[in-house]
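Data block below; observations after.
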Amino acid sequence: MKPIGHLEVEEREGVALVRLFGEVDLSNSELILERLAAAGMGARRGLVLDLSQTEYLDSSWIWLVTRLARTLVTGGRGFLLVVPPQAPTRRMLDLVDIGHVVGMAPSVNAAVAALTP
Amino acid sequence: MSGDGGPEVPGRLRTLLEQPPPASFERAARLAAYLVRAPVAIVCLVDDEQRVIKACVAPDPRWSDLMERPLPRSLCGLAVDSGAPIAIDDAAAHPMSREDAGLGELGVGAYLGAPLLLPDGTAVGTVAVIDSRPRPWTPASMAALREVAASLAGDLEALVGGSSAPRPAAAAGSRRRRRRVNRPGGLDALLAGAPVPLAVWDERLQLVALNAAFAALSGRTVEDHLGRRAGDLLPGLGERLDDAVADMLLSGDQRRRLEASASDGDAPGGAARHWLIDLFRADRHGSLGGAVGAAITEITQYREAEGRLAFLAEVSELMERRLGAEERLSLLARLVVPGLADFCTVELAEADGGSRLVAVAHEDAAKEPLVVGLRTGASGYPVGAVVARVMRTGEPELTADLGPGVAEGLARGGIEAQILRMLRPASAMTVPLRSRGRVLGAMRLVRADPERRYGPSDLALAEELARRAAVSVDNAHLYEMGQAARRAAEHAAGSVMRLQRVTAALARALTPEQVGDAVVREGIDALGASAGALAVRDADGSRVLRAVGYDAGLAAGRSLQADAGAPLAVAARDGEAVWPDPEDPTGAAADCAVPLLAAAGTIGAIGFRFSGAALLDEGRREMIGTLGLQCAQALERAALYTSTRRIAETLQRSLLPGALPQIPGNDLAVRYLAAGEGLEAGGDWYEAIALPQGRIGLGIGDVVGRGVRAAAIMGQLRSALRAFAIDGDPPATVLARLARYAERLDEASLATAAYAVFDPASGELRYGCAGHPPPLVVEADGRSHYLEEGRSAPLAAWPGVVYRDAVARLQPGATLLLYTDGLVERRRESLDVGFARLAEAVAGAAGRGPEEVCDHVVASLVGAAPSGDDVALLVLRRVPWPAEALELGAPARPGELSALRAAVRGWLSAAGADAEETGDVTLACGEALANAAEHAYRDAGPGRLELRLGTDGVDGIVLSVRDYGAWRQSAPVPDRGRGLQLMRMLMDSVEVDRTSDGTEVVMRRKIRGLAS
């Protein structure tokens, strides 16, 4: 069966840039979280998670991601979410007030720039 | 001015420069500032080297410090050198202003200066206004300033001892009589002697002179008025005068004439009064008062006379539109109430010398029976006597005060007294209806208001009205008599009448077949024949078009080749009439035939059979000959008509759209029905256009008129609409463009159109009707309403029409009908009846698709009674809510969730939910499904999940997610609880029902597309 969601990881100046495509729900949340954590831990400066093209997010998963974010920040790395206003998951993230928990950046470039000196 | 220009000028100027500034300078500056509404105004004298400010008006005292000192010539020098006003809107940008250090620091933003020109053309200085900020100077400001400068120049000329002697006005100015206007000599005498109200205002709009006649307007003394505004003492007229004077001061005009109207007194019902106002400058030749005089003539009576003439013309014209005499009189009675009377009766003279009441009107229709009672009652109240006298003598009677008669009637008591108490007649006029020397009847007008008793001018109007009414009634009588006489004559001549019936039938016939029917059937009837037939020539000889009463050998459609000897065949072939020999003893039946002769030759023949040759007398032969001529003409006309109609129909069909755009999820159907046989193709059209963003444009229209011309205009309008609409502009814009286009069509023709833009995603319908019948919306349950907003005049009805549109919403399953008036109009029937019938017909097709709605509407409205007009019908249905609720069951496994969410998303989208609503409900559903899948069967392995999504029957959806496991409160993942929180934020209500055998989550949410 075709996976409902997948990640693309890119490294930019010590920052892991992760683009999440498709959907994340109970069926793939653990797998996606593991890969995300691996990408974040492997990067020198931190992790940028781009949700521009994510179609669906399970709310429980997003809270798991914030826990990962706290871990990364505590370890001296950065974590930023990129969610443009028209992104499909934007409304859900606004409703759970994600901006108060993790850092948000308006674009991938801005996020990468913010994590690099 | 140059140094050696006018040898005397320097000397004269020096006098001025050495003197303290005369009051004229200061007044000129003040007036200039006031008129131009500038903060700073200065009056300067300028020579070749320098400029001296002689007067200034300015809020900043530093301006005054500059007075009487030599300053650079600057901008004022420019005005003096050119001899013309200088207007500088933005002084900072002007090089000259930068040189002028003295003024620069005072902040000169804009400068307007006019030269002071002496009569010999020498410029000696300027009057200038200055604003601290840049500003565009208007021509009116320039004119005002030039006027001030000219006025001051007149004073100057006197001061410096010009060629003419100093005027008293200038002397007055120099004596600083500031509060007084400088009156031209003899003004007081003129004022006193003037027979009309006359007054003079100064530039502050205060009255400085007036005569007794003016003072009498307000009833106060002349002194009361001085120094005040006219509007303070004389509301209405006085305010108009103040406005007019202010306008005049600013304009620079020397004279003006205008009309003013005001209601007399404060009461809203006060009669309007009208005045002619002549304004003139009272400050000519040098005085600087800025004074304006006004002479006032009351013209109320002339205006009233004009109003009466207009009323008479209107009444006469309206009466002419009615056919019968009594109809005209009852209209008359209604028109005079309540303007000319509170109630009115009209009666006509009878042959026996009495009279008959034919019209009654009272302002309050419920009181009309009382009026009748008063007139016809057997009481002694003397109305009848007055009416009888007026009819006998033909002289009008005016009773200004009915008081005594009414008092007597009241005293007599009984019903009459009751009626009088309720009608309260106060004043009456009875006027004869006289035409061509005869008194036809009388009209009685009564007023109940004692304050508005009738006077001579009312009587004059009533008499004229009655005279016109009488002529109109006479005309109607003549017409009625004419009709009756004609009918009688027709009865007298039976055969002629029968022939006329054939003629009439032929006139109605528009196709060759109808001509055949008319001539054969009606002809047999009229002639007393036993059989009749019509044959037309074609390529192969002749063919029978219609035959009645013959045996099978002579039937319609049959060729006459085999019967070459038959009279019908002979007449058609040879163009000769065939008559039987009346003496022939062999034939029991006699056949005859006459050829049909047209311009092109013989086109056929008609034949009749009589049971005996003797019946075919001379009179009948003549009639048959006449029939032949008429029939030939009718056939020619029918041939022409048929080809014209074919052209028009072909044109029309080719001009209408071939295919309708496909709109997913929305159904569209159209019908175009040409009028029933016998009429030409009309100018009805429709159009459906796919617009950007998935919207659709729907247009329909009707060009008044029929035939090729109407069809051609229709085609042009339709393609123009397409071009104007294609970018998705709103209906108001599209209709306005279409109207402008229609105005430019060579052959102006009245056309109506409706245009609507429908957005299937939201259900929004923006529509506008330019003189077109309102669109009809039918809800899924059959309720219907017409969209009666967004209305404007027909296309190109007159210039400057503002085209409007309005917004409505189509609920899922609702149907929109655009149609042309042929669908609702029937002769001799109110349009409302047609609208109601359409709504009823459509309600009968509620819930069905557009094609079925079209069929149903056409069958029930057009099929039953052909309207005689074309019909175009455009039906759109918004996709209904999915009829079925979504019901899904799946194993409670994480891998099933994505497919369930997709099904939910699809259902919502099809149901008309917008993107946000679809996203929200899908997310809430996903959270509920995840909860169930994650927790419900934690211990027992996957069980079943059930999901149901449907409407709540009103304006929202109900979503339920059910599992059959134990949904444990103490979920091991703490963040799970947030899923429920999120559901509550996304939905209007969330109910969680946990029982021992499972959990059901029921969520509701309104969907905007459904809200009414």
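Chain lettering (A, B, ...) mirrors the order of the structure tokens, residue numbering begins at 1 for each chain separately, and ligand numbering begins at 1 in order of display.
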* To do: Find the spatial neighbours of segment 591-602 of chain B, counting only C-alpha atoms, within a cut-off of 8 Å - ignore same-chain residues fewer than 5 positions away - and output them as a ChimeraX atom specification.
  => /B:537,567-568,571-580,607-610,613,624-625,628-629,631-633,636
Limited to N, CA and C atoms, could you put the picked residues into a file as a PDB file, in the first residue's frame?
```pdb
ATOM      1  N   ARG B 537     -51.623  26.038 -57.898  1.00  0.00           N
ATOM      2  CA  ARG B 537     -50.767  25.531 -58.969  1.00  0.00           C
ATOM      3  C   ARG B 537     -49.393  25.249 -58.415  1.00  0.00           C
ATOM      4  N   PRO B 567     -64.102  21.637 -63.407  1.00  0.00           N
ATOM      5  CA  PRO B 567     -64.076  23.102 -63.401  1.00  0.00           C
ATOM      6  C   PRO B 567     -62.902  23.670 -62.612  1.00  0.00           C
ATOM      7  N   LEU B 568     -62.563  23.072 -61.464  1.00  0.00           N
ATOM      8  CA  LEU B 568     -61.466  23.567 -60.630  1.00  0.00           C
ATOM      9  C   LEU B 568     -60.149  23.519 -61.405  1.00  0.00           C
ATOM     10  N   ALA B 571     -60.208  26.146 -64.316  1.00  0.00           N
ATOM     11  CA  ALA B 571     -60.038  27.526 -63.854  1.00  0.00           C
ATOM     12  C   ALA B 571     -58.596  27.770 -63.449  1.00  0.00           C
ATOM     13  N   ALA B 572     -57.989  26.774 -62.766  1.00  0.00           N
ATOM     14  CA  ALA B 572     -56.608  26.936 -62.309  1.00  0.00           C
ATOM     15  C   ALA B 572     -55.648  26.960 -63.482  1.00  0.00           C
ATOM     16  N   ARG B 573     -55.960  26.181 -64.504  1.00  0.00           N
ATOM     17  CA  ARG B 573     -55.047  26.081 -65.638  1.00  0.00           C
ATOM     18  C   ARG B 573     -55.213  27.267 -66.596  1.00  0.00           C
ATOM     19  N   ASP B 574     -56.471  27.581 -66.917  1.00  0.00           N
ATOM     20  CA  ASP B 574     -56.709  28.573 -67.969  1.00  0.00           C
ATOM     21  C   ASP B 574     -56.907  29.990 -67.446  1.00  0.00           C
ATOM     22  N   GLY B 575     -57.118  30.093 -66.146  1.00  0.00           N
ATOM     23  CA  GLY B 575     -57.337  31.432 -65.616  1.00  0.00           C
ATOM     24  C   GLY B 575     -58.703  31.991 -65.979  1.00  0.00           C
ATOM     25  N   GLU B 576     -59.644  31.095 -66.297  1.00  0.00           N
ATOM     26  CA  GLU B 576     -60.994  31.536 -66.671  1.00  0.00           C
ATOM     27  C   GLU B 576     -62.003  30.981 -65.679  1.00  0.00           C
ATOM     28  N   ALA B 577     -63.031  31.757 -65.388  1.00  0.00           N
ATOM     29  CA  ALA B 577     -64.105  31.263 -64.528  1.00  0.00           C
ATOM     30  C   ALA B 577     -64.927  30.222 -65.286  1.00  0.00           C
ATOM     31  N   VAL B 578     -65.384  29.228 -64.581  1.00  0.00           N
ATOM     32  CA  VAL B 578     -66.218  28.177 -65.198  1.00  0.00           C
ATOM     33  C   VAL B 578     -67.563  28.191 -64.492  1.00  0.00           C
ATOM     34  N   TRP B 579     -68.611  28.502 -65.216  1.00  0.00           N
ATOM     35  CA  TRP B 579     -69.948  28.533 -64.627  1.00  0.00           C
ATOM     36  C   TRP B 579     -70.805  27.452 -65.290  1.00  0.00           C
ATOM     37  N   PRO B 580     -71.647  26.759 -64.569  1.00  0.00           N
ATOM     38  CA  PRO B 580     -72.515  25.759 -65.194  1.00  0.00           C
ATOM     39  C   PRO B 580     -73.617  26.449 -65.995  1.00  0.00           C
ATOM     40  N   GLY B 607     -63.391  26.503 -56.044  1.00  0.00           N
ATOM     41  CA  GLY B 607     -64.612  26.002 -56.677  1.00  0.00           C
ATOM     42  C   GLY B 607     -65.653  25.667 -55.620  1.00  0.00           C
ATOM     43  N   PHE B 608     -66.925  25.780 -55.996  1.00  0.00           N
ATOM     44  CA  PHE B 608     -68.023  25.423 -55.081  1.00  0.00           C
ATOM     45  C   PHE B 608     -69.037  24.575 -55.839  1.00  0.00           C
ATOM     46  N   ARG B 609     -69.732  23.775 -55.095  1.00  0.00           N
ATOM     47  CA  ARG B 609     -70.789  22.955 -55.698  1.00  0.00           C
ATOM     48  C   ARG B 609     -72.122  23.342 -55.058  1.00  0.00           C
ATOM     49  N   PHE B 610     -73.110  23.515 -55.909  1.00  0.00           N
ATOM     50  CA  PHE B 610     -74.451  23.840 -55.406  1.00  0.00           C
ATOM     51  C   PHE B 610     -75.388  22.694 -55.757  1.00  0.00           C
ATOM     52  N   ALA B 613     -78.266  24.217 -60.154  1.00  0.00           N
ATOM     53  CA  ALA B 613     -77.661  25.327 -60.874  1.00  0.00           C
ATOM     54  C   ALA B 613     -78.407  26.627 -60.618  1.00  0.00           C
ATOM     55  N   ILE B 624     -68.663  34.904 -55.346  1.00  0.00           N
ATOM     56  CA  ILE B 624     -67.579  33.934 -55.588  1.00  0.00           C
ATOM     57  C   ILE B 624     -66.391  34.636 -56.260  1.00  0.00           C
ATOM     58  N   GLY B 625     -66.705  35.556 -57.172  1.00  0.00           N
ATOM     59  CA  GLY B 625     -65.628  36.320 -57.814  1.00  0.00           C
ATOM     60  C   GLY B 625     -64.828  37.116 -56.792  1.00  0.00           C
ATOM     61  N   GLY B 628     -62.640  34.953 -54.749  1.00  0.00           N
ATOM     62  CA  GLY B 628     -61.456  34.547 -55.511  1.00  0.00           C
ATOM     63  C   GLY B 628     -60.346  35.586 -55.406  1.00  0.00           C
ATOM     64  N   LEU B 629     -60.753  36.869 -55.546  1.00  0.00           N
ATOM     65  CA  LEU B 629     -59.759  37.937 -55.444  1.00  0.00           C
ATOM     66  C   LEU B 629     -59.115  37.976 -54.061  1.00  0.00           C
ATOM     67  N   CYS B 631     -59.011  35.649 -51.832  1.00  0.00           N
ATOM     68  CA  CYS B 631     -58.259  34.431 -51.539  1.00  0.00           C
ATOM     69  C   CYS B 631     -56.878  34.489 -52.185  1.00  0.00           C
ATOM     70  N   ALA B 632     -56.819  35.018 -53.400  1.00  0.00           N
ATOM     71  CA  ALA B 632     -55.528  35.116 -54.082  1.00  0.00           C
ATOM     72  C   ALA B 632     -54.577  36.008 -53.282  1.00  0.00           C
ATOM     73  N   GLN B 633     -55.129  37.128 -52.803  1.00  0.00           N
ATOM     74  CA  GLN B 633     -54.290  38.028 -52.007  1.00  0.00           C
ATOM     75  C   GLN B 633     -53.805  37.351 -50.729  1.00  0.00           C
ATOM     76  N   GLU B 636     -51.034  34.907 -51.392  1.00  0.00           N
ATOM     77  CA  GLU B 636     -49.754  35.569 -51.643  1.00  0.00           C
ATOM     78  C   GLU B 636     -49.108  36.042 -50.343  1.00  0.00           C
TER      79      GLU B 636
END
```
* To do: Would you mind listing what lies within 9 Å of Ile32 of chain A as a list of chain:residue names, with only C-alpha atoms counted and same-chain residues fewer than 2 positions away left out?
  => A:Gly5, A:His6, A:Leu7, A:Leu20, A:Val24, A:Asn28, A:Ser29, A:Glu30, A:Glu34, A:Arg35, A:Leu36, A:Ala37
* Asked: Please, which residues of chain B lie no more than 9 Å from chain A when the count uses only C-alpha atoms, and can they be set out as a ChimeraX atom specification?
  -> /B:893-898,916,919-920,923,926-927,930,933-934,973-979,981-982,985-986
Just C-alpha atoms for this one: save the residues we selected as a tab-separated table (two decimals), in the first residue's frame.
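Done, and the output landed in part25.tsv:
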```tsv
chain	number	residue	atom	x	y	z
B	893	ARG	CA	-7.27	-0.16	12.72
B	894	PRO	CA	-5.03	2.86	12.18
B	895	GLY	CA	-4.55	1.89	8.55
B	896	GLU	CA	-8.28	2.37	7.83
B	897	LEU	CA	-8.47	5.97	9.01
B	898	SER	CA	-7.14	7.75	5.96
B	916	GLU	CA	-12.82	25.54	5.72
B	919	GLY	CA	-11.37	20.82	6.59
B	920	ASP	CA	-12.80	21.38	10.08
B	923	LEU	CA	-10.26	17.05	11.17
B	926	GLY	CA	-10.20	12.24	12.15
B	927	GLU	CA	-9.63	12.96	15.83
B	930	ALA	CA	-8.15	8.14	16.05
B	933	ALA	CA	-8.93	3.25	17.04
B	934	GLU	CA	-6.30	3.92	19.61
B	973	VAL	CA	-0.90	9.09	26.08
B	974	PRO	CA	-1.76	12.33	27.93
B	975	ASP	CA	-1.95	14.44	24.80
B	976	ARG	CA	-4.82	12.33	23.54
B	977	GLY	CA	-7.20	14.44	25.61
B	978	ARG	CA	-6.36	17.34	23.42
B	979	GLY	CA	-8.09	15.60	20.52
B	981	GLN	CA	-10.61	19.63	23.02
B	982	LEU	CA	-9.85	20.19	19.35
B	985	MET	CA	-13.24	23.90	18.95
B	986	LEU	CA	-13.98	22.69	15.46
```
Tell me, which residues of segment 32-78 of chain A carry DSSP strand (DSSP E or B), written as an mmCIF file with C-alpha atoms, in the first residue's frame?
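The result, stored in out.cif:
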```cif
data_model
loop_
_atom_site.group_PDB
_atom_site.id
_atom_site.type_symbol
_atom_site.label_atom_id
_atom_site.label_comp_id
_atom_site.auth_asym_id
_atom_site.auth_seq_id
_atom_site.Cartn_x
_atom_site.Cartn_y
_atom_site.Cartn_z
ATOM 1 C CA GLY A 46 18.914 22.093 14.634
ATOM 2 C CA LEU A 47 15.748 21.222 12.725
ATOM 3 C CA VAL A 48 13.361 23.077 10.468
ATOM 4 C CA LEU A 49 10.059 21.247 9.841
ATOM 5 C CA ASP A 50 8.239 22.505 6.776
ATOM 6 C CA THR A 54 1.222 18.453 4.722
ATOM 7 C CA GLU A 55 -2.394 17.504 4.091
ATOM 8 C CA TYR A 56 -3.427 16.133 7.468
ATOM 9 C CA LEU A 57 -1.951 15.949 10.930
ATOM 10 C CA GLY A 78 17.174 25.040 17.291
#
```
* Asked: Quick one: residues within 12 Å of segment 72-77 of chain A, only C-alpha atoms counted, chain neighbours fewer than 4 positions away excluded, as JSON, numbers by chain?
  -> {"A": [14, 15, 16, 36, 37, 38, 39, 40, 41, 42, 43, 44, 45, 46, 47, 48, 65, 66, 67, 68, 101, 102, 103, 114, 115, 116]}
Show which residues sit within 7 Å of segment 66-80 of chain B, as a PDB file with N, CA and C atoms, in the first residue's frame. Count only C-alpha atoms, and ignore same-chain residues fewer than 4 positions away.
```pdb
ATOM      1  N   VAL B  46       2.785  99.606  -6.369  1.00  0.00           N
ATOM      2  CA  VAL B  46       4.032  99.109  -6.942  1.00  0.00           C
ATOM      3  C   VAL B  46       4.514 100.102  -7.984  1.00  0.00           C
ATOM      4  N   GLU B  49      10.635 100.222  -8.950  1.00  0.00           N
ATOM      5  CA  GLU B  49      11.684  99.717  -8.055  1.00  0.00           C
ATOM      6  C   GLU B  49      11.163  98.932  -6.866  1.00  0.00           C
ATOM      7  N   GLN B  50      10.014  99.307  -6.435  1.00  0.00           N
ATOM      8  CA  GLN B  50       9.638  98.756  -5.142  1.00  0.00           C
ATOM      9  C   GLN B  50       8.135  98.523  -5.024  1.00  0.00           C
ATOM     10  N   ARG B  51       7.808  97.978  -3.871  1.00  0.00           N
ATOM     11  CA  ARG B  51       6.418  97.702  -3.566  1.00  0.00           C
ATOM     12  C   ARG B  51       6.183  98.163  -2.143  1.00  0.00           C
ATOM     13  N   VAL B  52       4.999  98.768  -1.918  1.00  0.00           N
ATOM     14  CA  VAL B  52       4.644  99.173  -0.557  1.00  0.00           C
ATOM     15  C   VAL B  52       3.288  98.550  -0.217  1.00  0.00           C
ATOM     16  N   ILE B  53       3.237  97.845   0.892  1.00  0.00           N
ATOM     17  CA  ILE B  53       1.972  97.271   1.324  1.00  0.00           C
ATOM     18  C   ILE B  53       1.180  98.367   2.033  1.00  0.00           C
ATOM     19  N   LYS B  54      -0.007  98.663   1.483  1.00  0.00           N
ATOM     20  CA  LYS B  54      -0.806  99.747   2.062  1.00  0.00           C
ATOM     21  C   LYS B  54      -1.885  99.214   3.001  1.00  0.00           C
ATOM     22  N   ALA B  55      -2.240  97.995   2.837  1.00  0.00           N
ATOM     23  CA  ALA B  55      -3.239  97.427   3.748  1.00  0.00           C
ATOM     24  C   ALA B  55      -3.050  95.927   3.766  1.00  0.00           C
ATOM     25  N   ARG B  62       3.292  89.934  11.977  1.00  0.00           N
ATOM     26  CA  ARG B  62       4.491  90.359  11.247  1.00  0.00           C
ATOM     27  C   ARG B  62       4.143  90.955   9.887  1.00  0.00           C
ATOM     28  N   ALA B  84      -2.210  91.742 -15.756  1.00  0.00           N
ATOM     29  CA  ALA B  84      -3.207  90.666 -15.649  1.00  0.00           C
ATOM     30  C   ALA B  84      -2.997  89.942 -14.328  1.00  0.00           C
ATOM     31  N   PRO B  85      -4.015  89.249 -13.853  1.00  0.00           N
ATOM     32  CA  PRO B  85      -3.853  88.508 -12.596  1.00  0.00           C
ATOM     33  C   PRO B  85      -2.755  87.458 -12.709  1.00  0.00           C
ATOM     34  N   ILE B  86      -2.058  87.257 -11.599  1.00  0.00           N
ATOM     35  CA  ILE B  86      -1.030  86.227 -11.525  1.00  0.00           C
ATOM     36  C   ILE B  86      -1.510  85.189 -10.507  1.00  0.00           C
ATOM     37  N   MET B  96      10.563  83.540  -8.322  1.00  0.00           N
ATOM     38  CA  MET B  96      10.400  84.901  -7.815  1.00  0.00           C
ATOM     39  C   MET B  96      10.170  84.924  -6.311  1.00  0.00           C
ATOM     40  N   SER B  97       9.444  83.942  -5.802  1.00  0.00           N
ATOM     41  CA  SER B  97       9.099  83.989  -4.385  1.00  0.00           C
ATOM     42  C   SER B  97      10.333  83.751  -3.529  1.00  0.00           C
ATOM     43  N   ASP B 100      12.218  86.827  -2.687  1.00  0.00           N
ATOM     44  CA  ASP B 100      11.519  87.735  -1.797  1.00  0.00           C
ATOM     45  C   ASP B 100      11.716  87.295  -0.359  1.00  0.00           C
ATOM     46  N   GLY B 113      -2.729  87.361  -7.326  1.00  0.00           N
ATOM     47  CA  GLY B 113      -2.734  88.814  -7.305  1.00  0.00           C
ATOM     48  C   GLY B 113      -3.396  89.388  -8.544  1.00  0.00           C
ATOM     49  N   ALA B 114      -4.170  90.468  -8.365  1.00  0.00           N
ATOM     50  CA  ALA B 114      -4.795  91.137  -9.509  1.00  0.00           C
ATOM     51  C   ALA B 114      -4.301  92.570  -9.541  1.00  0.00           C
ATOM     52  N   PRO B 115      -3.956  93.073 -10.721  1.00  0.00           N
ATOM     53  CA  PRO B 115      -3.426  94.440 -10.798  1.00  0.00           C
ATOM     54  C   PRO B 115      -4.511  95.481 -10.575  1.00  0.00           C
ATOM     55  N   ALA B 123      -1.157 100.240 -14.572  1.00  0.00           N
ATOM     56  CA  ALA B 123      -1.254  99.420 -13.368  1.00  0.00           C
ATOM     57  C   ALA B 123      -0.439 100.070 -12.279  1.00  0.00           C
ATOM     58  N   VAL B 124      -1.046 100.329 -11.131  1.00  0.00           N
ATOM     59  CA  VAL B 124      -0.343 101.042 -10.067  1.00  0.00           C
ATOM     60  C   VAL B 124      -0.104 100.178  -8.840  1.00  0.00           C
ATOM     61  N   GLY B 125      -0.645  98.974  -8.805  1.00  0.00           N
ATOM     62  CA  GLY B 125      -0.458  98.127  -7.628  1.00  0.00           C
ATOM     63  C   GLY B 125      -1.245  96.850  -7.773  1.00  0.00           C
ATOM     64  N   THR B 126      -1.433  96.185  -6.670  1.00  0.00           N
ATOM     65  CA  THR B 126      -2.151  94.904  -6.719  1.00  0.00           C
ATOM     66  C   THR B 126      -3.042  94.739  -5.504  1.00  0.00           C
TER      67      THR B 126
END
```
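Of the residues in segment 1-70 of chain A, those given helix (DSSP H, G or I) by DSSP on the backbone are Ser29, Glu30, Leu31, Ile32, Leu33, Glu34, Arg35, Leu36, Ala37, Ala38, Ala39, Gly40, Met41, Gly42, Ser59, Ser60, Trp61, Ile62, Trp63, Leu64, Val65, Thr66, Arg67, Leu68, Ala69 and Arg70 of chain A.
Rounded to one decimal, atom CA of Val519 of chain B and atom CA of Gly532 of chain B lie 8.5 Å from each other.
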* Can you list, as a ChimeraX atom specification, every protein, DNA or RNA residue that comes within 9 Å of Ala111 of chain A when you count only C-alpha atoms, leaving out same-chain residues fewer than 6 positions away? -> /A:48,79-82,104-105
Write to file, as an mmCIF file, in the first residue's frame, the residues of the selection just made, with N, CA and C atoms.
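This is the output file out-v8.cif:
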```cif
data_model
loop_
_atom_site.group_PDB
_atom_site.id
_atom_site.type_symbol
_atom_site.label_atom_id
_atom_site.label_comp_id
_atom_site.auth_asym_id
_atom_site.auth_seq_id
_atom_site.Cartn_x
_atom_site.Cartn_y
_atom_site.Cartn_z
ATOM 1 N N VAL A 48 14.457 22.263 10.987
ATOM 2 C CA VAL A 48 13.361 23.077 10.468
ATOM 3 C C VAL A 48 12.347 22.122 9.851
ATOM 4 N N PHE A 79 14.821 24.657 16.790
ATOM 5 C CA PHE A 79 13.692 23.976 16.132
ATOM 6 C C PHE A 79 12.687 25.027 15.665
ATOM 7 N N LEU A 80 12.376 24.989 14.408
ATOM 8 C CA LEU A 80 11.384 25.948 13.898
ATOM 9 C C LEU A 80 10.392 25.235 12.981
ATOM 10 N N LEU A 81 9.125 25.660 13.112
ATOM 11 C CA LEU A 81 8.080 25.143 12.220
ATOM 12 C C LEU A 81 7.843 26.170 11.114
ATOM 13 N N VAL A 82 7.634 25.679 9.894
ATOM 14 C CA VAL A 82 7.248 26.576 8.801
ATOM 15 C C VAL A 82 5.838 26.172 8.344
ATOM 16 N N MET A 104 7.996 29.583 15.258
ATOM 17 C CA MET A 104 7.428 29.526 13.911
ATOM 18 C C MET A 104 8.231 30.478 13.030
ATOM 19 N N ALA A 105 8.397 30.104 11.789
ATOM 20 C CA ALA A 105 9.079 30.992 10.843
ATOM 21 C C ALA A 105 8.212 31.129 9.604
#
```
